[in-house]
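Below is work.cif, holding mmCIF, C-alpha atoms.
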data_protein
#
loop_
_atom_site.label_atom_id
_atom_site.label_comp_id
_atom_site.auth_asym_id
_atom_site.auth_seq_id
_atom_site.Cartn_x
_atom_site.Cartn_y
_atom_site.Cartn_z
CA VAL A 1 0.00 0.00 0.00
CA LYS A 2 1.43 3.37 -0.99
CA SER A 3 0.51 6.92 -1.83
CA PRO A 4 -0.45 7.49 -5.49
CA VAL A 5 1.80 10.57 -5.57
CA SER A 6 4.86 8.32 -5.16
CA VAL A 7 4.36 6.87 -8.66
CA ASN A 8 2.12 9.49 -10.28
CA PRO A 9 3.25 13.05 -9.38
CA ALA A 10 0.26 14.51 -11.26
CA MET A 11 -1.88 13.63 -8.22
CA SER A 12 -0.04 16.16 -6.02
CA SER A 13 -2.65 18.86 -6.68
CA ILE A 14 -5.56 16.63 -5.60
CA ASP A 15 -6.65 17.37 -2.03
CA LYS A 16 -8.39 13.98 -1.64
CA LEU A 17 -6.86 11.20 0.44
CA TYR A 18 -6.63 7.67 -0.90
CA LEU A 19 -4.07 4.88 -1.09
CA GLN A 20 -3.35 2.26 -3.73
CA GLY A 21 -2.46 -1.38 -3.35
CA GLU A 22 -1.58 -4.08 -5.83
CA ASP A 23 -5.19 -5.15 -6.37
CA ARG A 24 -7.40 -2.62 -4.53
CA LEU A 25 -7.85 1.01 -3.56
CA TYR A 26 -8.41 2.50 -0.12
CA LEU A 27 -10.52 5.68 -0.08
CA ASN A 28 -10.93 7.96 2.90
CA THR A 29 -14.71 8.31 3.01
CA SER A 30 -14.60 11.44 5.13
CA GLU A 31 -12.67 13.22 2.38
CA ASN A 32 -14.72 11.86 -0.54
CA SER A 33 -18.27 11.55 0.74
CA GLU A 34 -18.79 15.31 0.82
CA SER A 35 -17.65 15.78 -2.76
CA VAL A 36 -19.59 12.89 -4.30
CA SER A 37 -22.99 14.00 -5.57
CA PRO A 38 -25.84 11.67 -6.54
CA PRO A 39 -25.64 10.25 -10.07
CA THR A 40 -27.44 12.02 -12.85
CA PRO A 41 -30.10 10.18 -14.92
CA GLU A 42 -27.71 10.14 -17.88
CA GLU A 43 -25.02 8.42 -15.80
CA ILE A 44 -27.47 5.81 -14.51
CA LEU A 45 -28.74 5.14 -18.04
CA LEU A 46 -25.20 4.83 -19.38
CA ALA A 47 -24.25 2.43 -16.59
CA GLU A 48 -27.28 0.25 -17.32
CA GLN A 49 -26.50 0.21 -21.03
CA ASP A 50 -22.90 -0.75 -20.38
CA SER A 51 -23.88 -3.55 -18.06
CA GLY A 52 -26.24 -4.97 -20.69
CA GLN A 53 -23.91 -4.74 -23.69
CA GLU A 54 -20.53 -5.47 -22.19
CA PRO A 55 -20.27 -7.88 -19.25
CA LYS A 56 -16.73 -6.69 -18.53
CA VAL A 57 -17.78 -3.10 -18.00
CA THR A 58 -19.69 -3.25 -14.75
CA ALA A 59 -18.60 -4.44 -11.39
CA ASN A 60 -21.86 -6.27 -10.74
CA SER A 61 -21.71 -8.43 -13.85
CA SER A 62 -19.31 -10.87 -12.19
CA GLY A 63 -19.02 -12.11 -8.68
CA ASP A 64 -15.35 -11.26 -8.48
CA ALA A 65 -16.01 -7.67 -9.53
CA ALA A 66 -18.79 -6.91 -7.08
CA PRO A 67 -18.27 -4.07 -4.59
CA THR A 68 -16.81 -5.12 -1.29
CA ALA A 69 -18.76 -5.21 1.91
CA ALA A 70 -16.88 -2.19 3.17
CA ALA A 71 -17.94 -0.19 0.13
CA THR A 72 -21.58 -1.16 0.58
CA THR A 73 -21.53 -0.37 4.26
CA ASN A 74 -19.93 3.02 3.80
CA SER A 75 -22.28 3.97 0.97
CA ASN A 76 -25.21 3.52 3.34
CA SER A 77 -23.61 5.48 6.16
CA SER A 78 -21.88 8.40 4.47
CA SER A 79 -23.03 10.75 7.19
CA GLN A 80 -21.30 8.67 9.84
CA SER A 81 -18.16 8.11 7.78
CA SER A 82 -17.55 11.86 7.53
CA VAL A 83 -17.16 11.90 11.29
CA THR A 84 -15.54 8.55 12.07
CA LYS A 85 -12.86 8.80 9.34
CA GLN A 86 -13.55 5.32 8.02
CA TRP A 87 -11.93 3.89 4.91
CA MET A 88 -13.69 2.37 1.92
CA THR A 89 -12.06 -0.53 0.11
CA VAL A 90 -12.60 -0.73 -3.64
CA ALA A 91 -11.47 -4.02 -5.15
CA ILE A 92 -10.16 -4.08 -8.72
CA PRO A 93 -12.32 -6.38 -10.92
CA HIS A 94 -10.88 -9.84 -11.35
CA ALA A 95 -11.52 -9.60 -15.09
CA TYR A 96 -8.86 -6.86 -15.25
CA ILE A 97 -6.50 -7.66 -12.40
CA SER A 98 -6.10 -11.32 -13.42
CA SER A 99 -4.12 -10.33 -16.51
CA SER A 100 -2.83 -6.87 -15.52
CA TRP A 101 -1.63 -7.38 -11.96
CA PRO A 102 -0.12 -5.43 -10.23
CA ILE A 103 -1.65 -1.96 -10.35
CA ARG A 104 1.06 0.56 -11.23
CA TYR A 105 -0.69 3.92 -11.66
CA THR A 106 -3.87 5.40 -10.24
CA GLY A 107 -5.54 8.75 -10.77
CA MET A 108 -8.47 10.61 -9.20
CA ASP A 109 -10.33 13.56 -10.64
CA GLU A 110 -10.60 16.90 -8.83
CA THR A 111 -14.06 16.13 -7.47
CA GLY A 112 -13.02 12.79 -6.00
CA SER A 113 -15.84 11.04 -7.90
CA TYR A 114 -13.89 9.05 -10.49
CA LEU A 115 -10.80 6.85 -10.24
CA ALA A 116 -8.63 5.28 -12.92
CA VAL A 117 -6.14 2.42 -12.51
CA ALA A 118 -3.50 1.08 -14.89
CA GLY A 119 -1.69 -2.23 -14.49
CA ARG A 120 0.52 -4.27 -16.76
CA THR A 121 -1.58 -3.40 -19.82
CA GLY A 122 -4.56 -1.14 -20.49
CA PHE A 123 -6.55 0.64 -17.79
CA ALA A 124 -9.98 0.76 -16.16
CA HIS A 125 -11.90 3.46 -14.32
CA TYR A 126 -14.40 3.47 -11.46
CA SER A 127 -17.33 5.73 -10.61
CA LEU A 128 -18.23 6.46 -7.01
CA HIS A 129 -21.68 7.51 -8.25
CA THR A 130 -22.71 4.12 -9.63
CA ARG A 131 -20.16 1.96 -7.73
CA LYS A 132 -19.25 0.30 -11.01
CA TRP A 133 -16.13 -0.27 -13.07
CA LYS A 134 -15.79 0.41 -16.77
CA MET A 135 -13.36 -1.65 -18.81
CA PHE A 136 -12.52 -2.30 -22.44
CA GLY A 137 -15.11 -4.42 -24.21
CA ASN A 138 -12.49 -5.53 -26.73
CA GLU A 139 -9.74 -7.34 -24.85
CA SER A 140 -7.28 -6.98 -27.72
CA GLN A 141 -7.48 -3.18 -27.39
CA GLU A 142 -6.73 -3.47 -23.67
CA LYS A 143 -3.62 -5.57 -24.38
CA GLU A 144 -2.23 -3.37 -27.15
CA PHE A 145 -0.73 -0.62 -24.96
CA VAL A 146 1.12 -0.17 -21.66
CA VAL A 147 0.79 2.95 -19.51
CA THR A 148 4.32 4.29 -18.94
CA GLY A 149 3.94 7.94 -17.96
CA GLY A 150 1.02 7.96 -15.57
CA LEU A 151 -2.55 9.15 -16.04
CA LEU A 152 -4.69 12.13 -15.08
CA TRP A 153 -8.19 13.51 -15.53
CA TYR A 154 -9.20 16.58 -17.50
CA SER A 155 -12.88 17.39 -17.06
CA ASP A 156 -14.72 14.32 -18.44
CA PHE A 157 -11.64 12.87 -20.13
CA LEU A 158 -8.75 10.63 -19.08
CA ILE A 159 -5.26 11.40 -20.41
CA ILE A 160 -2.57 8.71 -20.38
CA GLY A 161 1.03 8.39 -21.56
CA CYS A 162 1.55 4.93 -23.05
CA PHE A 163 3.54 2.68 -25.38
CA ASN A 164 1.70 1.01 -28.24
CA LEU A 165 2.81 -2.63 -28.45
CA THR A 166 1.18 -3.13 -31.84
CA SER A 167 2.68 -0.19 -33.74
CA ASN A 168 5.81 -0.01 -31.54
CA CYS A 169 5.50 3.73 -30.84
CA ASP A 170 4.96 6.04 -27.88
CA GLU A 171 1.68 7.91 -27.57
CA VAL A 172 -0.41 10.28 -25.49
CA ARG A 173 -4.05 9.19 -25.52
CA VAL A 174 -7.24 10.95 -24.45
CA TYR A 175 -10.30 8.81 -23.65
CA PRO A 176 -13.80 10.17 -22.94
CA ARG A 177 -15.27 9.08 -19.63
CA ASP A 178 -18.93 8.77 -20.57
CA THR A 179 -18.60 6.60 -23.67
CA ARG A 180 -17.66 2.96 -24.00
CA LEU A 181 -13.96 2.26 -23.54
CA ASP A 182 -12.94 1.80 -27.13
CA THR A 183 -9.96 3.02 -29.14
CA THR A 184 -12.29 4.47 -31.79
CA TYR A 185 -13.39 7.15 -29.30
CA ALA A 186 -9.83 8.05 -28.27
CA ASN A 187 -7.63 10.84 -29.57
CA ILE A 188 -4.06 9.62 -30.10
CA GLU A 189 -1.00 11.89 -30.28
CA VAL A 190 2.28 10.18 -31.27
CA VAL A 191 5.42 11.42 -29.46
CA GLU A 192 9.09 10.93 -30.30
CA ALA A 193 10.22 8.99 -27.19
CA GLN A 194 8.89 7.09 -24.20
CA VAL A 195 6.59 9.15 -22.00
CA LEU A 196 8.00 9.29 -18.47
CA LEU A 197 5.84 11.97 -16.81
CA ILE A 198 2.69 13.91 -17.57
CA ASN A 199 1.02 16.74 -15.67
CA ARG A 200 -1.58 19.39 -16.24
CA LEU A 201 -2.35 23.00 -15.39
CA GLU A 202 -5.86 23.96 -16.47
CA ASN A 203 -5.98 23.26 -20.22
CA ARG A 204 -2.20 22.96 -20.63
CA LEU A 205 -0.59 19.50 -20.67
CA VAL A 206 3.12 19.00 -20.05
CA VAL A 207 4.77 15.77 -21.24
CA TYR A 208 8.30 14.73 -20.29
CA CYS A 209 9.89 12.04 -22.48
CA SER A 210 12.97 9.83 -22.25
CA ASN A 211 14.84 12.05 -24.75
CA SER A 212 14.82 14.83 -22.09
CA HIS A 213 12.36 16.89 -24.12
CA ILE A 214 9.40 18.67 -22.53
CA SER A 215 6.38 19.12 -24.77
CA LEU A 216 3.53 21.52 -24.04
CA PHE A 217 0.07 20.80 -25.42
CA GLU A 218 -3.20 22.66 -25.41
CA VAL A 219 -6.14 20.46 -24.44
CA TYR A 220 -9.44 21.47 -25.99
CA ILE A 221 -12.86 19.91 -26.54
CA GLU A 222 -14.41 20.07 -29.99
CA PRO A 223 -17.40 22.45 -30.00
CA SER A 224 -19.37 20.20 -32.35
CA ASN A 225 -18.63 16.99 -30.42
CA ASN A 226 -18.30 17.19 -26.64
CA THR A 227 -17.12 13.56 -26.48
CA MET A 228 -13.95 14.35 -28.46
CA CYS A 229 -10.98 15.97 -26.75
CA ARG A 230 -7.91 16.86 -28.79
CA LEU A 231 -4.32 17.97 -28.21
CA ARG A 232 -2.55 20.81 -29.99
CA LYS A 233 1.21 20.96 -29.61
CA LEU A 234 2.41 24.40 -28.61
CA GLN A 235 6.09 24.05 -27.79
CA ASP A 236 8.92 21.56 -27.43
CA VAL A 237 11.80 22.28 -25.05
CA ASP A 238 15.12 20.47 -24.74
CA ALA A 239 15.79 20.00 -21.00
CA SER A 240 18.85 17.75 -21.29
CA LEU A 241 21.08 20.33 -19.55
CA LEU A 242 19.00 20.19 -16.37
CA SER A 243 19.82 16.55 -15.56
CA ILE A 244 22.51 14.02 -16.34
CA HIS A 245 19.90 11.38 -17.18
CA PRO A 246 16.14 11.53 -17.90
CA ALA A 247 15.45 9.17 -15.00
CA CYS A 248 16.81 11.80 -12.59
CA VAL A 249 13.71 13.95 -13.19
CA VAL A 250 11.29 12.85 -10.47
CA SER A 251 8.43 15.20 -11.36
CA VAL A 252 7.57 17.99 -13.77
CA SER A 253 4.76 20.50 -13.27
CA LEU A 254 3.36 23.75 -14.61
CA SER A 255 2.68 26.62 -12.25
CA HIS A 256 1.81 30.32 -12.35
CA LEU A 257 4.10 30.96 -9.38
CA LYS A 258 7.02 33.26 -10.14
CA THR A 259 10.06 34.64 -8.37
CA GLU A 260 10.55 38.34 -7.87
CA SER A 261 13.10 38.72 -10.65
CA VAL A 262 10.56 38.50 -13.47
CA ARG A 263 7.81 40.59 -11.91
CA GLN A 264 7.33 44.27 -11.64
CA ARG A 265 7.98 45.23 -8.04
CA LYS A 266 4.88 47.41 -7.90
CA GLU A 267 2.68 44.33 -8.40
CA SER A 268 1.43 42.20 -5.56
CA GLU A 269 1.75 38.42 -5.68
CA ARG A 270 -1.90 37.93 -6.57
CA GLU A 271 -1.82 40.56 -9.33
CA SER A 272 1.30 38.97 -10.76
CA VAL A 273 -0.25 35.50 -10.86
CA GLU A 274 -3.40 36.83 -12.53
CA ARG A 275 -1.30 38.67 -15.10
CA GLU A 276 0.71 35.54 -15.87
CA MET A 277 -2.48 33.51 -16.23
CA ARG A 278 -3.79 35.95 -18.81
CA LYS A 279 -0.51 35.88 -20.72
CA ASP A 280 -0.27 32.07 -20.59
CA THR A 281 3.33 32.09 -19.33
CA ALA A 282 3.29 29.31 -16.76
CA SER A 283 6.63 28.29 -15.28
CA LEU A 284 8.13 24.83 -15.25
CA ILE A 285 8.87 23.26 -11.86
CA LEU A 286 11.04 20.15 -11.93
CA ASN A 287 12.32 17.90 -9.18
CA VAL A 288 15.74 16.83 -10.45
CA SER A 289 17.49 14.39 -8.12
CA GLY A 290 16.04 16.13 -5.07
CA LYS A 291 16.68 19.68 -6.28
CA LEU A 292 13.56 21.71 -6.97
CA VAL A 293 14.27 23.73 -10.11
CA LEU A 294 12.10 26.61 -11.34
CA VAL A 295 12.35 27.54 -15.03
CA GLN A 296 10.39 30.71 -15.68
CA ARG A 297 9.16 31.92 -19.02
CA GLU A 298 7.55 35.14 -20.17
CA ARG A 299 6.81 36.80 -23.44
CA ALA A 300 9.27 39.23 -24.97
CA THR A 301 8.52 42.94 -24.94
CA ASN A 302 7.93 43.46 -28.66
CA THR A 303 7.08 39.91 -29.79
CA ASP A 304 4.91 37.02 -28.66
CA GLU A 305 7.86 34.65 -28.39
CA LEU A 306 8.19 32.84 -25.07
CA LEU A 307 11.64 33.19 -23.55
CA TYR A 308 13.02 30.94 -20.81
CA SER A 309 15.11 32.34 -18.00
CA ALA A 310 18.00 30.63 -16.26
CA PRO A 311 16.97 27.82 -13.89
CA THR A 312 16.53 28.75 -10.24
CA VAL A 313 17.04 26.19 -7.48
CA LEU A 314 14.32 26.72 -4.86
CA ALA A 315 15.25 23.93 -2.43
CA GLY A 316 17.36 20.82 -2.00
CA GLN A 317 16.76 17.34 -0.58
CA CYS A 318 13.22 17.51 -1.93
CA GLU A 319 11.30 14.23 -2.06
CA GLN A 320 7.80 15.43 -2.89
CA VAL A 321 6.16 18.64 -4.14
CA TRP A 322 2.55 19.79 -3.76
CA LEU A 323 1.28 22.57 -5.99
CA PRO A 324 -2.00 24.46 -5.57
CA PRO A 325 -4.96 23.20 -7.63
CA SER A 326 -5.27 24.63 -11.11
CA ARG A 327 -7.89 27.30 -10.53
CA SER A 328 -8.03 31.06 -10.28
CA PRO A 329 -5.85 32.39 -7.43
CA HIS A 330 -8.75 34.31 -5.91
CA GLN A 331 -11.24 31.43 -5.93
CA ASP A 332 -11.58 28.26 -3.92
CA SER A 333 -12.53 24.77 -5.09
CA VAL A 334 -16.20 25.69 -5.60
CA GLY A 335 -15.59 29.05 -7.25
CA ASN A 336 -16.16 31.25 -4.20
CA SER A 337 -13.95 34.17 -3.35
CA CYS A 338 -10.88 33.02 -1.44
CA SER A 339 -9.83 35.06 1.58
CA LYS A 340 -6.59 33.11 2.15
CA PRO A 341 -4.33 33.78 -0.84
CA HIS A 342 -1.28 33.17 1.36
CA LEU A 343 -2.25 29.50 1.49
CA THR A 344 -3.73 28.97 -1.97
CA LEU A 345 -0.63 30.49 -3.63
CA SER A 346 1.87 28.49 -1.58
CA LEU A 347 4.24 25.69 -2.55
CA TRP A 348 4.69 22.75 -0.16
CA LEU A 349 7.85 20.61 -0.12
CA TYR A 350 8.70 17.45 1.77
CA CYS A 351 12.45 17.16 2.34
CA GLY A 352 12.73 13.86 4.22
CA SER A 353 14.67 14.17 7.46
CA ALA A 354 14.83 17.94 6.95
CA GLY A 355 11.08 18.12 7.47
CA MET A 356 8.55 20.24 5.59
CA LYS A 357 9.14 23.51 3.74
CA VAL A 358 6.51 25.97 2.56
CA TRP A 359 7.18 28.68 -0.03
CA LEU A 360 4.71 31.38 1.04
CA PRO A 361 3.88 34.69 -0.67
CA LEU A 362 4.04 37.95 1.22
CA PHE A 363 1.45 40.71 0.87
CA PRO A 364 2.92 43.93 2.27
CA LYS A 365 0.72 46.95 2.74
CA ASP A 366 0.92 49.69 0.16
CA ASP A 367 2.76 52.00 2.56
CA ASP A 368 5.27 49.30 3.47
CA SER A 369 5.95 48.36 -0.15
CA ARG A 370 6.85 51.98 -0.98
CA HIS A 371 9.17 52.52 1.98
CA HIS A 372 10.81 49.05 2.03
CA THR A 373 11.80 48.33 -1.56
CA PHE A 374 14.15 45.58 -0.41
CA MET A 375 11.33 43.43 0.97
CA ALA A 376 11.11 40.01 -0.68
CA ARG A 377 7.88 38.80 -2.21
CA ARG A 378 8.17 35.23 -0.89
CA ILE A 379 9.58 33.48 2.14
CA MET A 380 10.57 29.85 2.74
CA LEU A 381 9.33 28.47 6.07
CA HIS A 382 10.60 25.24 7.61
CA PHE A 383 9.20 23.00 10.32
CA PRO A 384 9.91 19.38 11.36
CA LEU A 385 7.39 16.55 11.03
CA HIS A 386 8.74 14.05 13.61
CA ASN A 387 8.34 10.69 11.83
CA ILE A 388 5.22 11.74 9.91
CA TYR A 389 5.10 11.05 6.17
CA PRO A 390 2.75 13.46 4.33
CA LEU A 391 0.20 12.05 1.89
CA CYS A 392 -1.75 15.12 0.73
CA ILE A 393 -2.07 18.83 1.46
CA LEU A 394 -5.26 20.74 2.15
CA PHE A 395 -4.09 24.14 0.89
CA LYS A 396 -6.94 26.30 2.08
CA GLN A 397 -6.86 24.88 5.62
CA ALA A 398 -3.04 24.55 5.75
CA ILE A 399 -3.43 20.95 6.92
CA ILE A 400 -0.98 18.13 6.24
CA VAL A 401 -2.58 14.68 6.07
CA GLY A 402 -0.06 11.93 6.60
CA VAL A 403 0.88 8.71 8.35
CA GLU A 404 3.04 8.23 11.42
CA ASN A 405 5.57 5.49 11.96
CA ASP A 406 5.05 3.78 15.30
CA THR A 407 7.75 1.19 16.02
CA GLN A 408 7.39 -1.34 18.83
CA LEU A 409 10.20 -3.57 20.02
CA MET A 410 9.07 -7.06 20.99
CA THR A 411 11.20 -8.96 23.51
CA SER A 412 11.26 -12.74 23.66
CA SER A 413 12.17 -14.78 26.73
CA LEU A 414 14.09 -17.71 25.33
#
In structure tokens, how does this file's structure come out?
Amino acid sequence: VKSPVSVNPAMSSIDKLYLQGEDRLYLNTSENSESVSPPTPEEILLAEQDSGQEPKVTANSSGDAAPTAAATTNSNSSSQSSVTKQWMTVAIPHAYISSSWPIRYTGMDETGSYLAVAGRTGFAHYSLHTRKWKMFGNESQEKEFVVTGGLLWYSDFLIIGCFNLTSNCDEVRVYPRDTRLDTTYANIEVVEAQVLLINRLENRLVVYCSNSHISLFEVYIEPSNNTMCRLRKLQDVDASLLSIHPACVVSVSLSHLKTESVRQRKESERESVEREMRKDTASLILNVSGKLVLVQRERATNTDELLYSAPTVLAGQCEQVWLPPSRSPHQDSVGNSCSKPHLTLSLWLYCGSAGMKVWLPLFPKDDDSRHHTFMARRIMLHFPLHNIYPLCILFKQAIIVGVENDTQLMTSSL
């Protein structure tokens, strides 16, 4: 059992707590029950159609794929689970896990309502609304590709980085959630090398490949067909000088956070982030062998060309990074006005034995900013964790959810 962030860094922006095992998932019902809404009539109708046409699709079509007793119990007592902090166990269907064991990657959407798992070949996804799994109806399509770069959700679509065993090429695929799992509904983008990491910021997808190249894509849904999501390549960057080997890059992310050197000093942190969002100049944040590197980019003065600045090392001995969710800096998860920009614009780092570090923005008053021009815009705070391993960050509440190691020495009288 492990945290999904340890193998899929794209889950670092999800403020939902769950763990993955080799053949099952463990969901914290107190974190997910509040976000799961009742299923819509369209979702119920689609689930019934899938269960009638494709026996592999639903969890109730086979005895091995039925929901566990814990899942049934917690679904009937969601009000109690939000208080008692119980866990819900979701078993992977035997029809999938029998040939794709063990589970390697998992991904949850921002609402905590849908989960996707990928094993040795193919993938499957689960709905907390209907308590059912959806799998490929054509088994040959499930066996034709291997997920190599993780997976993530974008609205009603699942994006994966995979290797096609049939055509012997590397691809980035986008599958719609509400249709049958079939390759004919997927949008396939061929890339030059093996996909190692993928991540997303709003409608921008970043792909890191084994040739040390970082590709940026625009993700958009066709206006005439809302079940088709496509990728448009915007830029390709050679990042071979940042690491001695592609495997040294632990994670790659996009962020609107900037350092003071590329901002006008008269701007506040929130104004700067909003300006960068409008200009579409998100920075690259990479964890290279424990060093957190920030590569900023902004448009030139007289042209629209994006220029990259020299890399800046933010911290060392970094094991894990948590970035704020991809939403407006002045709104919370439900679109309301956020009164805590210090927390929603922060960057959280776990540095192992060195404890936790938080890169916080500063908001000086107008009078202070005029008199103290030397004042920095951000500050790095450090505090120990004392044998606690963090699993997820609740940014708005500034809460670290983690596990504690409790060692007991057993003596034997022999």
Go through the shown structure with the PyMOL selection byres ((chain A and resi 153-160) around 9) and write out the matching residues as a ChimeraX atom specification. /A:107-110,114-116,147-152,161-162,171-178,198,200,202-203,219,227-229
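Atom CA of A:Trp348 sits 28.1 Å away from atom CA of A:Glu22.
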Residues near A:Glu192, cut-off 10 Å, all atoms listed in the file, skip fewer than 3 positions along chain, as a list in words: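 Skipping anything fewer than 3 positions along the chain leaves Cys169, Asp170, Glu171, Val195, Cys209, Ser210, Asn211 and His213 of chain A.
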Given the file shown, determine the residues that the PyMOL selection byres ((chain A and resi 233) around 6) selects; report them as a VMD selection string. chain A and resid 217 232 234
Would you work out the distance separating atom CA of A:Lys258 from atom CA of A:Asn287, expressed in Å to one decimal?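 Spanning atom CA of A:Lys258 to atom CA of A:Asn287 is a straight-line distance of 16.3 Å.
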If you apply the PyMOL selection byres ((chain A and resi 311) around 8) to this file, what residues do you get, as an MDAnalysis selection string? chainID A and resid 293:296 309:310 312:313
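Residues in contact with stretch 16-20 of chain A at 7 Å, where only C-alpha atoms are counted and same-chain residues fewer than 6 positions away are skipped, are listed as Val1, Lys2, Ser3, Pro4, Tyr26, Leu27, Asn28, Glu31, Asn32, Gly112 and Cys392 of chain A.
Proximity to A:Tyr208 at 9 Å, evaluated using only C-alpha atoms and with sequence-adjacent residues fewer than 5 positions away removed, yields Gly149, Gln194, Val195, Leu196, Leu197, Ile198, Asn199, His213, Ile214, Ser215, Pro246, Val249, Ser251 and Val252 of chain A.
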Need the shell around stretch 100-105 of chain A: protein/DNA/RNA residues with any atom at most 7 Å away, counting all atoms listed in the file. Skip same-chain ones fewer than 5 positions apart. Format as a ChimeraX atom specification? /A:7-8,22-23,117-121,150
Expressed in Å, the length from atom CA of A:Ala354 to atom CA of A:Pro384 is 6.8 Å
With all atoms listed in the file as the basis for distance, which of A:Thr179, A:Ser167, A:Ser99, A:Thr411 is at the shortest distance from A:Lys143?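 So, comparing all the options, the nearest one is A:Ser99.
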Quick one: residues within 10 Å of A:Trp322, only C-alpha atoms, excluding same-chain residues fewer than 3 positions away - as a ChimeraX atom specification? /A:5,9-15,253,325,346-350,358,391-395
Of the listed residues A:Leu343, A:Leu181, A:Leu381, A:Leu360, that which approaches A:Ile399 most closely, counting all atoms listed in the file: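 Result for the nearest residue to A:Ile399: A:Leu343.
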When you count only C-alpha atoms, which of these residues is closest to A:Leu286: A:Ser243, A:Ser127, A:Asn168, A:Ser98?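 Of A:Ser243, A:Ser127, A:Asn168, A:Ser98, the one nearest A:Leu286, counting only C-alpha atoms, is A:Ser243.
When all atoms listed in the file are used to measure the gap to A:Leu231, the shortest distance among A:Leu128, A:Leu205, A:Leu284, A:Val403 belongs to A:Leu205.
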From the options A:Ala282, A:Met410, A:Val90, A:Leu345, which residue's atoms come nearest to A:Leu307, counting only C-alpha atoms?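 Ranked by minimum distance to A:Leu307, first place goes to A:Ala282.
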